[in-house]
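Asks: Quick one: the structure is below, questions incoming.
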Amino acid sequence: MKQQWWHDKIFYQIYPKSFYDTNGDGIGDINGIISKLDYLKDLGIDVIWISPMYKSPFIDQGYDIANYREIDPMFGSLEDLDRLLAEAKKRDMFILMDLVVNHCSSEHEWFINPEYKDYFYIESGVDGKAPNNLRSYFGGSAWTRIGETDEYYLHLFDASQPDLNWENPKVVAEIYDMVNWWLKRGIAGFRIDAIVNIQKELPFKNYAPDRIDGLAHPGKMLANASGLLDKLYDLKRNTFDKFNALAIAELFDYDSNQIASYIGDNGCFDTIFDFETTVIGASVHGWHANTKPTAEQYKKAIYNSQRKVADVGFLCNIIENHDEPRGATRYLNHTNDYSKKMLATITIMLRGIPFLYQGQEIGMENTTYNNISELNDIFTIGEYNIALEHGKTEQEAMAMVNLYSRDHSRTPIPWNSSTNGGFTSGQPWLALNPNYTEINVEEQIGDENSVFNFYKQLIALRKNPKYKEVLVNGSFVETFEFIENLVAFLRILDNHTILTLANFSNHRIDVPINKQDYEVLINNYESICFNDDIVTLGPYQSLVLYQKTQG
């Protein structure tokens, strides 16, 4: 695998609406990001991906784009963005933007102006009904009728997000021109949203229903579609390759046997996010049928991902993002600083790209909602209604929302314990988690034993010249697989070996290793219990050990 400029970097996702507000309107903005660059640099961040800031009606929080070449005024201006790029460059940092090109907004000129009708999938109905039985990812039919006509337009997401027709060369040319326009402006690349959805199975047809609504998940169509890779390689050649730009894809429903076609030296992308842990316990029937991940499932998921990519390329390793609840709440049966640090240890020490999401570094957790009216996310509202349709009570549906809602990760960042967590001097667009008086950036920075400072230690270790090569380029070898609830793996390069041990439980675990063979690099506890050739890990204890005797 060829070395790339981004291989040794630490990445961080910003959800701009909830990051930091500088003008008192309750919404984070570009100037807020600029003002916190030094904070991110101090943490050890090199590359920042910013979720959509384009002109948008924000029905799906910016993933419904009305103008691809304008910054929405709530965030600032193109001039503000240029200043962000310049300030990042001064600090040897890189900025990635979100590329959302499976669909646009129903308020985009293309959708409003009949001249661009062929930019979308518009089909005649069948017997007065939608052209087929595809379900939107957000629930309900993926087709919406156009006025009083017999025509429908396709939207695999919300009705406000009509799918763009990638079979139309004019659409493709528009997209390439837009991508290159941004790359010329100085961004380092893109995170590419929902890109697998651009390839439809045509002509449209019905699929076997998978819920009581008689509709079928879009994945059934995607599994039968052909031609996706041709489109993706063409996108790469005509855009990213011209600028040595970084392309990170959000990729679901792909053939893992073709992983070398998606990432690495010959892939159509540079890397993709590893979502294996995020789909543990997920049900095709909806959130109401999901089950909580277990430690063993989590372990198997990350091991499987590492085996899948092997020497092909790197994955982006995540605990959470803007589409997921907070990882500390989702994965841990006991949420405390030890268990949060244990999760951090696993993620940062894995082979691949460490990718933090805003607030993860201070151990943010899910909040609690009492009524669906408190929620903003359209996906959450859809899942709530689906739960009711399947016989769940309002109380049961809200319990589900409090586990899985995307709004949990979108609550504003608390910078201190003052009013509204110092996020804004105005009224925040979304309520902060009430625990912000205990969990906030200022408090974490001032506590040497905080989750924040533990992340700093882990990141500093990855960048330490003595260990950097093995932690970036070393192979991944799982070990002690037979010990239940223990995540253990080696990173090996030449004569260097680093062992990570993580107790993913609230019980003690004995691991057979000799104290004399290892140097302790990281410990999320204050001490280590060694007894002869056994190390006893306390509940949620994690260790990173350097093997002294190399051979």
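Chains: A, B, ... in order of the structure tokens. Residues: from 1 per chain. Ligands: from 1, in order shown.
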Running DSSP on the backbone, which parts of stretch 40-172 of chain A land in strand (DSSP E or B), as a VMD selection string?

Replies: chain A and resid 47 to 50 54 to 55 67 to 71 94 to 99 103 120 122 to 124 126 129 134 to 135 141 143 to 145 151 to 154 163 to 164

Asks: Selection from above, N, CA and C atoms, as a compact mmCIF listing (two decimals), in the first residue's frame, can you write it?

Replies:
```
# COMPACT_ATOMS: atom_id res chain seq x y z
N VAL A 47 -7.08 16.93 10.61
CA VAL A 47 -8.02 17.06 9.51
C VAL A 47 -9.43 17.20 10.08
N ILE A 48 -10.17 18.19 9.57
CA ILE A 48 -11.52 18.46 10.05
C ILE A 48 -12.52 18.26 8.91
N TRP A 49 -13.50 17.39 9.15
CA TRP A 49 -14.63 17.27 8.22
C TRP A 49 -15.79 18.06 8.81
N ILE A 50 -16.36 18.95 8.00
CA ILE A 50 -17.47 19.77 8.43
C ILE A 50 -18.73 19.31 7.70
N TYR A 54 -23.93 24.28 3.14
CA TYR A 54 -24.46 24.87 1.92
C TYR A 54 -25.84 25.50 2.16
N LYS A 55 -26.25 26.31 1.22
CA LYS A 55 -27.59 26.90 1.25
C LYS A 55 -28.62 25.78 1.29
N ASN A 67 -28.40 25.07 -2.94
CA ASN A 67 -27.39 25.68 -3.80
C ASN A 67 -26.02 25.16 -3.38
N TYR A 68 -25.38 24.44 -4.27
CA TYR A 68 -24.11 23.79 -3.95
C TYR A 68 -22.93 24.77 -3.88
N ARG A 69 -23.11 25.98 -4.33
CA ARG A 69 -21.98 26.92 -4.38
C ARG A 69 -22.18 28.12 -3.46
N GLU A 70 -23.11 28.00 -2.54
CA GLU A 70 -23.32 29.06 -1.57
C GLU A 70 -23.25 28.50 -0.16
N ILE A 71 -22.70 29.29 0.77
CA ILE A 71 -22.75 28.97 2.19
C ILE A 71 -24.06 29.53 2.74
N PHE A 94 -6.20 20.59 7.79
CA PHE A 94 -6.88 20.43 6.51
C PHE A 94 -8.39 20.41 6.74
N ILE A 95 -9.12 20.94 5.76
CA ILE A 95 -10.58 21.02 5.86
C ILE A 95 -11.22 20.15 4.77
N LEU A 96 -12.14 19.29 5.19
CA LEU A 96 -12.95 18.50 4.27
C LEU A 96 -14.39 19.00 4.35
N MET A 97 -15.08 18.99 3.22
CA MET A 97 -16.50 19.33 3.21
C MET A 97 -17.33 18.09 2.89
N ASP A 98 -18.63 18.23 3.10
CA ASP A 98 -19.54 17.13 2.84
C ASP A 98 -20.04 17.21 1.40
N LEU A 99 -19.99 16.09 0.69
CA LEU A 99 -20.45 16.04 -0.69
C LEU A 99 -21.73 15.21 -0.74
N HIS A 103 -28.82 13.24 -3.93
CA HIS A 103 -30.05 14.01 -3.98
C HIS A 103 -29.73 15.47 -3.70
N PHE A 120 -33.96 14.37 -12.66
CA PHE A 120 -34.51 13.57 -11.58
C PHE A 120 -35.19 12.32 -12.13
N ILE A 122 -38.42 10.76 -12.60
CA ILE A 122 -39.84 11.06 -12.61
C ILE A 122 -40.54 10.00 -13.46
N GLU A 123 -41.47 9.30 -12.83
CA GLU A 123 -42.13 8.16 -13.46
C GLU A 123 -43.65 8.28 -13.35
N SER A 124 -44.34 7.67 -14.27
CA SER A 124 -45.80 7.62 -14.19
C SER A 124 -46.22 6.60 -13.15
N VAL A 126 -48.69 3.69 -11.33
CA VAL A 126 -49.23 2.40 -11.79
C VAL A 126 -50.56 2.18 -11.09
N LYS A 129 -51.22 4.44 -8.25
CA LYS A 129 -50.31 4.34 -7.11
C LYS A 129 -48.88 4.64 -7.56
N LEU A 134 -40.86 0.81 -3.28
CA LEU A 134 -39.68 1.17 -2.50
C LEU A 134 -40.08 2.04 -1.32
N ARG A 135 -39.45 1.76 -0.18
CA ARG A 135 -39.65 2.57 1.01
C ARG A 135 -38.50 3.57 1.13
N SER A 141 -43.50 5.75 1.48
CA SER A 141 -43.10 5.51 0.10
C SER A 141 -41.93 6.41 -0.31
N TRP A 143 -41.68 7.49 -3.18
CA TRP A 143 -42.21 8.26 -4.31
C TRP A 143 -43.23 9.28 -3.81
N THR A 144 -43.18 10.46 -4.35
CA THR A 144 -44.16 11.50 -4.03
C THR A 144 -44.80 11.99 -5.32
N ARG A 145 -46.11 12.08 -5.29
CA ARG A 145 -46.87 12.51 -6.47
C ARG A 145 -46.64 14.00 -6.73
N GLU A 151 -47.74 11.71 -12.28
CA GLU A 151 -46.28 11.52 -12.21
C GLU A 151 -45.80 11.61 -10.76
N TYR A 152 -44.74 10.84 -10.50
CA TYR A 152 -44.14 10.77 -9.17
C TYR A 152 -42.63 11.00 -9.30
N TYR A 153 -42.04 11.59 -8.27
CA TYR A 153 -40.58 11.69 -8.27
C TYR A 153 -40.02 10.83 -7.14
N LEU A 154 -38.81 10.30 -7.38
CA LEU A 154 -38.17 9.39 -6.43
C LEU A 154 -37.35 10.16 -5.40
N ASP A 163 -34.06 12.48 -5.59
CA ASP A 163 -32.83 11.85 -6.07
C ASP A 163 -32.42 12.41 -7.43
N LEU A 164 -31.13 12.67 -7.56
CA LEU A 164 -30.59 13.13 -8.84
C LEU A 164 -30.38 11.95 -9.78
```

Asks: If we count only C-alpha atoms, what is near A:Asp311 at a cut-off of 9 Å, once residues fewer than 4 positions away on the same chain are taken out, given as a list in words?

Replies: Met1, Gly264, Arg307 and Ser475 of chain A

Asks: Tell me, counting only C-alpha atoms, for each residue of stretch 361-415 of chain A within 9 Å of stretch 438-452 of chain A, which pair of atoms is nearest and how far apart they are in Å to one decimal, in rows ordered by chain and increasing number, as a Markdown table.

Replies:
```
| residue | atom | partner | partner_atom | distance |
| --- | --- | --- | --- | --- |
| A:Glu361 | CA | A:Phe452 | CA | 5.0 |
| A:Ile362 | CA | A:Phe452 | CA | 4.9 |
| A:Gly363 | CA | A:Val451 | CA | 6.2 |
| A:Met364 | CA | A:Ile439 | CA | 6.8 |
| A:Glu365 | CA | A:Ile439 | CA | 9.0 |
| A:Ile413 | CA | A:Asn440 | CA | 7.6 |
| A:Pro414 | CA | A:Asn440 | CA | 4.9 |
| A:Trp415 | CA | A:Val441 | CA | 4.7 |
```

Asks: If we count only C-alpha atoms, what is near stretch 277-293 of chain A at a cut-off of 10 Å, once residues fewer than 3 positions away on the same chain are taken out, given as a PyMOL selection string?

Replies: chain A and resi 139+210-212+216-217+274+296-302+305+317-321+323-325+327+330-333+380+382-384+386-388+390-392+396-401+403-405

Asks: Find the residues near stretch 543-549 of chain A: any atom within 8 Å, counting only C-alpha atoms, skip ones fewer than 4 places away on the same chain, and give them as JSON, numbers by chain.

Replies: {"A": [345, 496, 497, 498, 499, 500, 501, 502, 517, 518, 519, 520, 521, 522, 523, 524]}

Asks: Of the candidates A:Ile192, A:Ile187, A:Val487, A:Ala142, which one gets nearest to A:Ala295 if we count only C-alpha atoms?

Replies: A:Val487

Asks: Env of A:Thr419: 12 Å cut, atoms = only C-alpha atoms, seq-sep filter 5 positions within chain, self excluded. Answer as number ranges by chain.

Replies: A: 414, 424-428, 431-432, 434, 436-437, 440

Asks: Include N, CA and C atoms and write out the residues we just selected as a tab-separated table (two decimals), in the first residue's frame.

Replies:
```
chain	number	residue	atom	x	y	z
A	414	PRO	N	-21.04	21.80	24.97
A	414	PRO	CA	-20.92	22.66	26.16
A	414	PRO	C	-19.44	23.03	26.38
A	424	THR	N	-23.69	29.52	23.22
A	424	THR	CA	-24.29	30.69	22.60
A	424	THR	C	-24.74	31.67	23.67
A	425	SER	N	-24.79	32.94	23.32
A	425	SER	CA	-25.36	33.95	24.22
A	425	SER	C	-26.86	34.09	23.99
A	426	GLY	N	-27.37	33.38	22.98
A	426	GLY	CA	-28.79	33.42	22.65
A	426	GLY	C	-29.50	32.15	23.07
A	427	GLN	N	-30.56	31.83	22.35
A	427	GLN	CA	-31.34	30.61	22.60
A	427	GLN	C	-30.84	29.51	21.66
A	428	PRO	N	-30.28	28.42	22.17
A	428	PRO	CA	-29.73	27.37	21.29
A	428	PRO	C	-30.82	26.73	20.44
A	431	ALA	N	-31.81	22.05	22.45
A	431	ALA	CA	-31.45	22.11	23.87
A	431	ALA	C	-30.18	21.32	24.16
A	432	LEU	N	-29.34	21.86	25.03
A	432	LEU	CA	-28.16	21.16	25.48
A	432	LEU	C	-28.54	20.01	26.39
A	434	PRO	N	-28.71	18.39	29.73
A	434	PRO	CA	-28.69	19.04	31.04
A	434	PRO	C	-27.44	18.75	31.87
A	436	TYR	N	-24.52	19.30	31.15
A	436	TYR	CA	-23.39	20.13	30.69
A	436	TYR	C	-22.65	20.82	31.84
A	437	THR	N	-23.28	20.94	33.00
A	437	THR	CA	-22.57	21.56	34.12
A	437	THR	C	-21.47	20.64	34.65
A	440	ASN	N	-18.26	19.26	30.35
A	440	ASN	CA	-18.03	20.40	29.45
A	440	ASN	C	-16.54	20.54	29.20
```

Asks: Which residues are near A:Ile248? Cut-off 12 Å, only C-alpha atoms, ignore same chain within fewer than 6 positions. Put them as number ranges by chain.

Replies: A: 6, 11, 49, 96-99, 188-195, 236, 240, 262-264, 267-274, 314-317, 353, 355

Asks: Would you output that residue set with C-alpha atoms, as a short mmCIF file (atom, residue, chain, number, x, y, z; two decimals), in the first residue's frame?

Replies:
```cif
data_model
loop_
_atom_site.label_atom_id
_atom_site.label_comp_id
_atom_site.auth_asym_id
_atom_site.auth_seq_id
_atom_site.Cartn_x
_atom_site.Cartn_y
_atom_site.Cartn_z
CA TRP A 6 -3.35 11.53 5.34
CA PHE A 11 -9.53 13.34 12.02
CA TRP A 49 -14.63 17.27 8.22
CA LEU A 96 -12.95 18.50 4.27
CA MET A 97 -16.50 19.33 3.21
CA ASP A 98 -19.54 17.13 2.84
CA LEU A 99 -20.45 16.04 -0.69
CA ALA A 188 -8.49 19.09 0.97
CA GLY A 189 -11.28 16.75 -0.07
CA PHE A 190 -14.73 15.45 0.77
CA ARG A 191 -16.69 13.09 2.93
CA ILE A 192 -19.13 11.62 0.39
CA ASP A 193 -22.67 11.07 1.58
CA ALA A 194 -24.90 8.07 0.76
CA ILE A 195 -23.07 7.56 -2.53
CA LYS A 236 -12.58 9.94 -9.12
CA PHE A 240 -10.42 13.94 -6.85
CA TYR A 262 -13.50 0.85 -3.05
CA ILE A 263 -10.40 1.73 -1.00
CA GLY A 264 -6.63 1.57 -1.16
CA GLY A 267 -9.98 2.01 -5.05
CA CYS A 268 -12.46 4.58 -6.28
CA PHE A 269 -12.16 6.20 -2.83
CA ASP A 270 -9.25 6.61 -0.47
CA THR A 271 -11.08 5.21 2.53
CA ILE A 272 -14.54 4.51 3.90
CA PHE A 273 -16.07 4.62 7.35
CA ASP A 274 -16.28 1.39 9.30
CA PHE A 314 -7.37 1.88 5.85
CA LEU A 315 -10.84 2.26 7.32
CA CYS A 316 -12.03 5.30 9.26
CA ASN A 317 -12.61 4.06 12.80
CA ILE A 353 -7.80 6.36 10.66
CA PHE A 355 -12.00 9.72 13.49
#
```

Asks: Could you find all residues in stretch 239-477 of chain A that DSSP calls alpha helix (DSSP H) from the backbone, and write them as a PyMOL selection string?

Replies: chain A and resi 241-243+259-262+295-309+327-331+337-349+378-389+394-404+441-446+451-463+468-473

Asks: Between atom CA of A:Met74 and atom CA of A:Ser35, what is the distance in Å, rounded to a tenth?

Replies: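 Answer for the atom CA of A:Met74 to atom CA of A:Ser35 separation: 16.6 Å.
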
Asks: Just the residues within 9 Å of A:Ile27, please, counting only C-alpha atoms, with nothing from its chain fewer than 4 positions along; format it as a PyMOL selection string.

Replies: chain A and resi 16-23+74-75+412+423-424+426-430

Asks: From the set A:Asp8, A:Asp25, A:Asp177, A:Glu115, which residue has the shortest atom-to-atom contact distance to A:Ile348, counting only C-alpha atoms?

Replies: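 Smallest distance to A:Ile348 is found for A:Asp8.
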
Asks: Nearest to A:Ile346: which of A:Phe489, A:Glu374, A:Tyr233, A:Met178 is it, counting only C-alpha atoms?

Replies: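 Once distances to A:Ile346 are computed over only C-alpha atoms, the minimum belongs to A:Phe489.
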